[in-house]
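Read through the structure below, which is laid out as structure tokens, and then see the notes.
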Amino acid sequence: FFFALFLSVYFFSSRTSLVAFTHLSTMASQSPNCFFGLEIQPDKKYTQTPPDGVHLHLSQAALPPENNGRVSVKVTIDGKTFCLCTLVAGTIDQSPLDLNFSASQEVVFMTEGDPIIVHLTGYYEVSDDIPTDDGAPDLDGEEEEEEEEEAEE
């Protein structure tokens, strides 16, 4: 298999926060991963929009060791806000997550509670969804197999 990965990383820093925006493109059916990390400062909102053909997988929320207090990590998507987890320093310092956000879908991350920093980590992954003629993704080639069977009859 010939495999090529093109990567561009843009950084935006504001005092102690660092946001990494990553763009991926690939020339293979394999799906490479690229690290995503976000430090959420108290009373700040962070907007992420994965580029076309790439989705964002969120894997973990964690408190750095210096923090004390209780904080909820929230996400706003399609105008609705949801609590992802609540972290309590010294008791629940990390929370595993297994969330995927679609390509070109705007998501906003924020915290609520004590004014403490939260780290979100995960990765960007090239989407395996290839649109069919009607614009819907081809799920495991099922539609293509059905068309081949009809052509044989």
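Residue numbering restarts at 1 in every chain; chains get A, B, ... in the order shown in the structure tokens, and ligands count up from 1 in that same order.
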
Within 12 Å of A:Thr91, counting only C-alpha atoms, which residues show up once you throw out same-chain ones fewer than 4 positions away? Write them as an mmCIF file with C-alpha atoms, in the first residue's frame, please.
data_model
loop_
_atom_site.group_PDB
_atom_site.id
_atom_site.type_symbol
_atom_site.label_atom_id
_atom_site.label_comp_id
_atom_site.auth_asym_id
_atom_site.auth_seq_id
_atom_site.Cartn_x
_atom_site.Cartn_y
_atom_site.Cartn_z
ATOM 1 C CA ALA A 62 -8.031 15.494 33.137
ATOM 2 C CA LEU A 63 -7.034 17.932 35.858
ATOM 3 C CA PRO A 65 -1.835 18.201 39.499
ATOM 4 C CA ASN A 67 -5.649 22.187 40.684
ATOM 5 C CA ASN A 68 -8.079 22.048 43.602
ATOM 6 C CA GLY A 69 -11.845 22.047 43.359
ATOM 7 C CA ARG A 70 -14.695 20.636 41.303
ATOM 8 C CA THR A 86 -17.415 16.262 36.341
ATOM 9 C CA LEU A 87 -13.884 16.247 37.753
ATOM 10 C CA SER A 95 -12.372 10.832 33.099
#

Residue among A:Val75, A:Ile40, A:Cys34, A:Leu58 lying closest to A:Phe109, counting only C-alpha atoms: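 Of all the options, A:Val75 lies closest to A:Phe109.
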
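Of note, atom CA of A:Asp78 and atom CA of A:Ala103 are spaced 13.5 Å apart.
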
Can you list, as number ranges by chain, every protein, DNA or RNA residue that comes within 8 Å of A:Thr49 when you count only C-alpha atoms, leaving out same-chain residues fewer than 2 positions away? A: 47, 51, 103-107

Proximity to A:Val71 - best of A:Pro115, A:Gly37, A:Pro96, A:Gly122, only C-alpha atoms: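 The answer is A:Pro115, which sits nearest to A:Val71.
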
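With only C-alpha atoms as the atoms that count, the minimum distance from A:Lys44 to the choices A:Val126, A:Leu120, A:Cys83, A:Met110 is reached by A:Met110.
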
Length of the atom CA of A:Gln60 to atom CA of A:Asp43 vector [Å]: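 Between atom CA of A:Gln60 and atom CA of A:Asp43 the gap works out to 20.1 Å.
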
Gap from atom CA of A:Asp128 to atom CA of A:Leu84 - Å, one decimal: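 Going from atom CA of A:Asp128 over to atom CA of A:Leu84 covers 25.5 Å.
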
Would you mind listing what lies within 7 Å of A:Ser59 as a count of residues only, with only C-alpha atoms counted and same-chain residues fewer than 2 positions away left out? 7

Strand (DSSP E) positions in stretch 32-78 of chain A, given as a list in words: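 Residues meeting the strand (DSSP E) criterion: Asn33, Cys34, Phe35, Phe36, Gly37, Leu38, Glu39, Ile40, Tyr46, Thr47, Gln48, Val54, His55, Leu56, His57, Leu58, Ser59, Gln60, Ala61, Ala62, Arg70, Val71, Ser72, Val73, Lys74, Val75, Thr76 and Ile77 of chain A.
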